[in-house]
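**Student:** Have a look at this one.
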2 protein chains.
Amino acid sequence: MAYYIAGIDLGGTKIASALLDTELKVLKSEAVMTRVEAGPEGVVEQMAQEVQSLMAGIDKEALLGIGVACAGIIQPRTGKVLASPNLKWQGVPLGDMLSQRLGYPVYVNNDVNMAALGELHFGSARGAQQMVCVFVGTGIGSGIVINGHLYEGTCGLAGEAGHMTIEVNGPPCGCGNVGCWEALASGTGMARQARRAIERGEDSLLKELCGGDLDQLRVEMIAEADAKGDSLSQRLLIETGEYLGVGLANIANMLNPELIVLGGGVIRGVPKLFDLAEISMRRRAWKQASDCLRLVKARFGREAGVIGAAVLVKLAGQT
Amino acid sequence: MAYYIAGIDLGGTKIASALLDTELKVLKSEAVMTRVEAGPEGVVEQMAQEVQSLMAGIDKEALLGIGVACAGIIQPRTGKVLASPNLKWQGVPLGDMLSQRLGYPVYVNNDVNMAALGELHFGSARGAQQMVCVFVGTGIGSGIVINGHLYEGTCGLAGEAGHMTIEVNGPPCGCGNVGCWEALASGTGMARQARRAIERGEDSLLKELCGGDLDQLRVEMIAEADAKGDSLSQRLLIETGEYLGVGLANIANMLNPELIVLGGGVIRGVPKLFDLAEISMRRRAWKQASDCLRLVKARFGREAGVIGAAVLVKLAGQT
């Protein structure tokens, strides 16, 4: 009999799910908007229906388990969501709830850790022993691999690289601190800088590209304006690349990994940032740490979460 | 028969050595100035004579081995000193040289890693699984423990926490980068700030305490002036405590350890900095990471190196 794994990427905006074979090939995938307002029971019911829809026409016994990648602070051992600001959840026993609803084993972990696991086992970091995956999107998250295994820290919180302070008196961050890496080098950071410059009266193609509404500004527009010679966009990318490199150099100096995998929506949207970040990182890191470090692009894009979630089910089956 | 271990702390200024029993109690200790100008052969000869002097009257067979804690970049597996700016060494096979000279097994590792090992096995961090030791002196170094074992990184360089950038456009650091943690929060950073303020004309007790020669400024003088109400010294300590906390919060957010051990000459010289650093760290770190983290003082002071070096010999005997 052929066996299957279900992977779910649960975020505050949407629930992406996929059915994979045991080689982690995605066979079917689907996505629905998350009904955050329906509370944990409602969202678990959405997830259950997604899995049942993916399993249509497949023997119920053939599903090995369900992996859930969830934004927030997760206790992997119990499958409990300790805190997820995007879902407005605190202390939700997600693993138990979904497992009781469907009768399959359910494994829950942080979405960034899951994406790191996916890169480690099936992506750009195969075989790496000391590795850090950095994902740059609305914020910056990272997953740390030590001696070939995911390192989760004392209470599952390791890898909050986005909240390293890189500028003591820098701009405020959503976390309550100031000068965090993600306040300076994420998509949110770039958007804030762009808005500030335009509000100060600087002329830029970006105004036109976002139809005059800076709330609609997306990172792809900055890439487009940069390609057309827009000076604000060019400056934004140089500054962001510099800031990205600062945080990467901090990781290199602190953890001396053999590999850093850089991915996420901002890097996919503006491929040039990868090179700018590498130049800055290599200039700032200890030469010896830089010499034994490779910086590579993430293999997986939007599907990183569901694939990483499925890896967790597969690894659980092996132990 | 009673057995012994020799521990040597090899620095650019002095060679401290000790004879310990297998419970790591220091039985005898001595120190000589390092004759850096005599080159590796000369320094190895100094170390050999130290060991022979410690072993006077003791059966040659009773020495289990020699541990050497060395400042610089070490390859622990081979006992090679890849680079030690203080000793002006590059690629020196220190372990082999000393072992051939004396006929004992020799284990070499970085001095900060050794001090972390000492705290882990016999000091303030006994039994810790996820732990970081931070030593604040002329610079800032750290040793990382993951799952109860020293984490050395891909090429033995992990723990260069002192060279995390915490201020993108901060003051220059000896490493060639700018805004490093140790450029802002170490003894060197405090001395630079004090000098700058005094050269700008600010009045301070520090001038008197160092006999008018700012090159003689020591951290204990800042503590003394602070106790007497000197406003420059008070400000220096508040700023340094703030900067120390920034780097500690970065470590907490990145590695989510259960324990950070804080030690080194600057913390011993100005005990108040420990509390100031903790306040700053707890204000800046993620609440959840802070909640599961204890910050404690290092148990060992100047003798941390020789004790850590001896731990390495003891651990080698157990495997």
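Please note that chains go A, B, ... in the order of the structure tokens, that every chain numbers its residues from 1, and that ligands are numbered from 1 in the order shown.
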Would you write out, as a Markdown table, a table of all residues in chain B that have an atom no more than 6 Å from an atom of chain A, listing for each the closest atom pair and the distance in Å to one decimal, considering only C-alpha atoms and ordering rows by chain and rising residue number?

**Tutor:**
| residue | atom | partner | partner_atom | distance |
| --- | --- | --- | --- | --- |
| B:Gly153 | CA | A:Asn256 | CA | 4.8 |
| B:Thr154 | CA | A:Pro257 | CA | 5.6 |
| B:Leu157 | CA | A:Asn256 | CA | 5.7 |
| B:Ala158 | CA | A:Leu255 | CA | 4.7 |
| B:Gly159 | CA | A:Met254 | CA | 4.7 |
| B:Glu160 | CA | A:Met254 | CA | 5.1 |
| B:Ala161 | CA | A:Met254 | CA | 5.2 |
| B:Met164 | CA | A:Asn250 | CA | 4.7 |
| B:Thr165 | CA | A:Ile166 | CA | 5.9 |
| B:Ile166 | CA | A:Ile166 | CA | 4.1 |
| B:Glu167 | CA | A:Glu167 | CA | 4.2 |
| B:Val168 | CA | A:Glu167 | CA | 5.8 |
| B:Asn177 | CA | A:Arg284 | CA | 5.7 |
| B:Asn250 | CA | A:Met164 | CA | 4.7 |
| B:Asn253 | CA | A:Glu160 | CA | 5.1 |
| B:Met254 | CA | A:Gly159 | CA | 4.7 |
| B:Leu255 | CA | A:Ala158 | CA | 4.6 |
| B:Asn256 | CA | A:Ala158 | CA | 4.8 |
| B:Pro257 | CA | A:Thr154 | CA | 5.5 |
| B:Glu258 | CA | A:Thr154 | CA | 5.7 |
| B:Arg284 | CA | A:Asn177 | CA | 5.7 |

**Student:** Quick one: residues within 7 Å of stretch 105-122 of chain B, only C-alpha atoms counted, chain neighbours fewer than 3 positions away excluded, as a VMD selection string?

**Tutor:** chain B and resid 65 to 74 76 79 95 98 to 99 125 to 128 133 141 to 143 298 to 299 304 to 305 307 to 309 311 to 313

**Student:** Among stretch 130-201 of chain A, which residues carry a DSSP assignment of alpha helix (DSSP H), reported as a list of chain:residue names?

**Tutor:**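 DSSP-assigned alpha helix (DSSP H) residues in stretch 130-201 of chain A: A:Trp181, A:Glu182, A:Ala183, A:Leu184, A:Ala185, A:Gly187, A:Thr188, A:Gly189, A:Met190, A:Ala191, A:Arg192, A:Gln193, A:Ala194, A:Arg195, A:Arg196, A:Ala197, A:Ile198, A:Glu199.
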
**Student:** Which residues are near B:Thr22? Cut-off 12 Å, only C-alpha atoms, ignore same chain within fewer than 3 positions. Put them as a PyMOL selection string.

**Tutor:** chain B and resi 1-7+19+25-27+62-65+122+307+310-315+317-318

**Student:** Skip A:Ile238 itself and residues of its chain fewer than 4 positions away, then list as a PDB file with all heavy atoms, in the first residue's frame all residues within 9 Å of it, counting only C-alpha atoms.

**Tutor:**
ATOM      1  N   SER A 233      14.423  53.677  -4.268  1.00  0.00           N
ATOM      2  CA  SER A 233      14.417  52.218  -4.212  1.00  0.00           C
ATOM      3  C   SER A 233      15.841  51.670  -4.208  1.00  0.00           C
ATOM      4  O   SER A 233      16.145  50.704  -3.492  1.00  0.00           O
ATOM      5  CB  SER A 233      13.639  51.651  -5.395  1.00  0.00           C
ATOM      6  OG  SER A 233      12.305  52.104  -5.334  1.00  0.00           O
ATOM      7  N   GLN A 234      16.703  52.278  -4.984  1.00  0.00           N
ATOM      8  CA  GLN A 234      18.098  51.837  -5.000  1.00  0.00           C
ATOM      9  C   GLN A 234      18.728  51.991  -3.620  1.00  0.00           C
ATOM     10  O   GLN A 234      19.424  51.103  -3.139  1.00  0.00           O
ATOM     11  CB  GLN A 234      18.889  52.626  -6.049  1.00  0.00           C
ATOM     12  CG  GLN A 234      18.500  52.234  -7.478  1.00  0.00           C
ATOM     13  CD  GLN A 234      19.147  53.091  -8.543  1.00  0.00           C
ATOM     14  OE1 GLN A 234      19.605  54.217  -8.273  1.00  0.00           O
ATOM     15  NE2 GLN A 234      19.185  52.586  -9.766  1.00  0.00           N
ATOM     16  N   GLU A 242      22.722  45.987   3.552  1.00  0.00           N
ATOM     17  CA  GLU A 242      23.712  46.240   4.602  1.00  0.00           C
ATOM     18  C   GLU A 242      23.202  45.715   5.957  1.00  0.00           C
ATOM     19  O   GLU A 242      23.903  44.994   6.661  1.00  0.00           O
ATOM     20  CB  GLU A 242      23.971  47.754   4.684  1.00  0.00           C
ATOM     21  CG  GLU A 242      24.962  48.189   5.744  1.00  0.00           C
ATOM     22  CD  GLU A 242      26.393  47.845   5.390  1.00  0.00           C
ATOM     23  OE1 GLU A 242      26.711  47.778   4.188  1.00  0.00           O
ATOM     24  OE2 GLU A 242      27.196  47.604   6.326  1.00  0.00           O
ATOM     25  N   TYR A 243      21.970  46.056   6.311  1.00  0.00           N
ATOM     26  CA  TYR A 243      21.388  45.597   7.576  1.00  0.00           C
ATOM     27  C   TYR A 243      21.264  44.076   7.616  1.00  0.00           C
ATOM     28  O   TYR A 243      21.513  43.445   8.644  1.00  0.00           O
ATOM     29  CB  TYR A 243      20.007  46.224   7.801  1.00  0.00           C
ATOM     30  CG  TYR A 243      20.025  47.689   8.182  1.00  0.00           C
ATOM     31  CD1 TYR A 243      19.172  48.594   7.560  1.00  0.00           C
ATOM     32  CD2 TYR A 243      20.868  48.165   9.175  1.00  0.00           C
ATOM     33  CE1 TYR A 243      19.164  49.934   7.910  1.00  0.00           C
ATOM     34  CE2 TYR A 243      20.868  49.500   9.528  1.00  0.00           C
ATOM     35  CZ  TYR A 243      20.014  50.388   8.896  1.00  0.00           C
ATOM     36  OH  TYR A 243      20.011  51.708   9.256  1.00  0.00           O
ATOM     37  N   LEU A 273      18.906  41.362  -3.243  1.00  0.00           N
ATOM     38  CA  LEU A 273      19.209  41.517  -1.819  1.00  0.00           C
ATOM     39  C   LEU A 273      20.110  40.396  -1.308  1.00  0.00           C
ATOM     40  O   LEU A 273      20.877  40.594  -0.360  1.00  0.00           O
ATOM     41  CB  LEU A 273      17.914  41.534  -0.987  1.00  0.00           C
ATOM     42  CG  LEU A 273      17.216  42.875  -0.847  1.00  0.00           C
ATOM     43  CD1 LEU A 273      15.930  42.699  -0.057  1.00  0.00           C
ATOM     44  CD2 LEU A 273      18.133  43.895  -0.163  1.00  0.00           C
ATOM     45  N   LEU A 276      23.647  41.577  -2.054  1.00  0.00           N
ATOM     46  CA  LEU A 276      24.001  42.729  -1.208  1.00  0.00           C
ATOM     47  C   LEU A 276      24.216  42.280   0.240  1.00  0.00           C
ATOM     48  O   LEU A 276      25.143  42.728   0.916  1.00  0.00           O
ATOM     49  CB  LEU A 276      22.891  43.786  -1.269  1.00  0.00           C
ATOM     50  CG  LEU A 276      22.732  44.495  -2.619  1.00  0.00           C
ATOM     51  CD1 LEU A 276      21.446  45.322  -2.644  1.00  0.00           C
ATOM     52  CD2 LEU A 276      23.947  45.389  -2.907  1.00  0.00           C
ATOM     53  N   ALA A 277      23.367  41.364   0.705  1.00  0.00           N
ATOM     54  CA  ALA A 277      23.500  40.863   2.078  1.00  0.00           C
ATOM     55  C   ALA A 277      24.806  40.085   2.233  1.00  0.00           C
ATOM     56  O   ALA A 277      25.499  40.212   3.247  1.00  0.00           O
ATOM     57  CB  ALA A 277      22.305  39.976   2.426  1.00  0.00           C
TER      58      ALA A 277
END

**Student:** Using DSSP on the backbone coordinates, identify the residues of stretch 15-155 of chain A assigned to strand (DSSP E or B); present them as a PyMOL selection string.

**Tutor:** chain A and resi 15-21+26-33+63-70+73-75+80-84+89-92+106-110+131-136+140-146+149-151

**Student:** Need to verify the contact set: B:Thr138, 6 Å, only C-alpha atoms, exclusion of same-chain residues closer than 2 positions in sequence. Can you return it as a PyMOL selection string?

**Tutor:** chain B and resi 186-188

**Student:** Show which residues sit within 12 Å of A:Asp215, as an MDAnalysis selection string. Count only C-alpha atoms, and ignore same-chain residues fewer than 6 positions away.

**Tutor:** chainID A and resid 188 191:192 194:195 206:207 209

**Student:** Restrict the selected residues to N, CA, C and O atoms and save them as a PDB file, in the first residue's frame.

**Tutor:**
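Generated file (part23.pdb):
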ATOM      1  N   THR A 188       8.754  44.879   6.383  1.00  0.00           N
ATOM      2  CA  THR A 188       8.149  45.942   7.186  1.00  0.00           C
ATOM      3  C   THR A 188       9.115  47.117   7.341  1.00  0.00           C
ATOM      4  O   THR A 188       8.729  48.283   7.253  1.00  0.00           O
ATOM      5  N   ALA A 191       9.369  49.013   4.069  1.00  0.00           N
ATOM      6  CA  ALA A 191       8.153  49.800   3.823  1.00  0.00           C
ATOM      7  C   ALA A 191       8.145  51.058   4.692  1.00  0.00           C
ATOM      8  O   ALA A 191       7.778  52.137   4.233  1.00  0.00           O
ATOM      9  N   ARG A 192       8.604  50.907   5.961  1.00  0.00           N
ATOM     10  CA  ARG A 192       8.612  52.075   6.845  1.00  0.00           C
ATOM     11  C   ARG A 192       9.570  53.148   6.324  1.00  0.00           C
ATOM     12  O   ARG A 192       9.258  54.333   6.309  1.00  0.00           O
ATOM     13  N   ALA A 194      10.558  53.578   3.227  1.00  0.00           N
ATOM     14  CA  ALA A 194      10.020  54.156   1.985  1.00  0.00           C
ATOM     15  C   ALA A 194       8.970  55.215   2.314  1.00  0.00           C
ATOM     16  O   ALA A 194       8.989  56.338   1.798  1.00  0.00           O
ATOM     17  N   ARG A 195       8.071  54.840   3.215  1.00  0.00           N
ATOM     18  CA  ARG A 195       7.004  55.760   3.610  1.00  0.00           C
ATOM     19  C   ARG A 195       7.570  57.052   4.194  1.00  0.00           C
ATOM     20  O   ARG A 195       7.146  58.160   3.851  1.00  0.00           O
ATOM     21  N   LEU A 206       7.774  54.747  -6.603  1.00  0.00           N
ATOM     22  CA  LEU A 206       6.993  53.868  -5.729  1.00  0.00           C
ATOM     23  C   LEU A 206       5.582  54.399  -5.504  1.00  0.00           C
ATOM     24  O   LEU A 206       4.620  53.648  -5.411  1.00  0.00           O
ATOM     25  N   LYS A 207       5.458  55.751  -5.444  1.00  0.00           N
ATOM     26  CA  LYS A 207       4.141  56.362  -5.231  1.00  0.00           C
ATOM     27  C   LYS A 207       3.171  55.908  -6.320  1.00  0.00           C
ATOM     28  O   LYS A 207       2.046  55.505  -6.047  1.00  0.00           O
ATOM     29  N   LEU A 209       3.612  53.284  -8.401  1.00  0.00           N
ATOM     30  CA  LEU A 209       3.460  51.817  -8.462  1.00  0.00           C
ATOM     31  C   LEU A 209       2.447  51.306  -7.439  1.00  0.00           C
ATOM     32  O   LEU A 209       1.788  50.293  -7.679  1.00  0.00           O
TER      33      LEU A 209
END
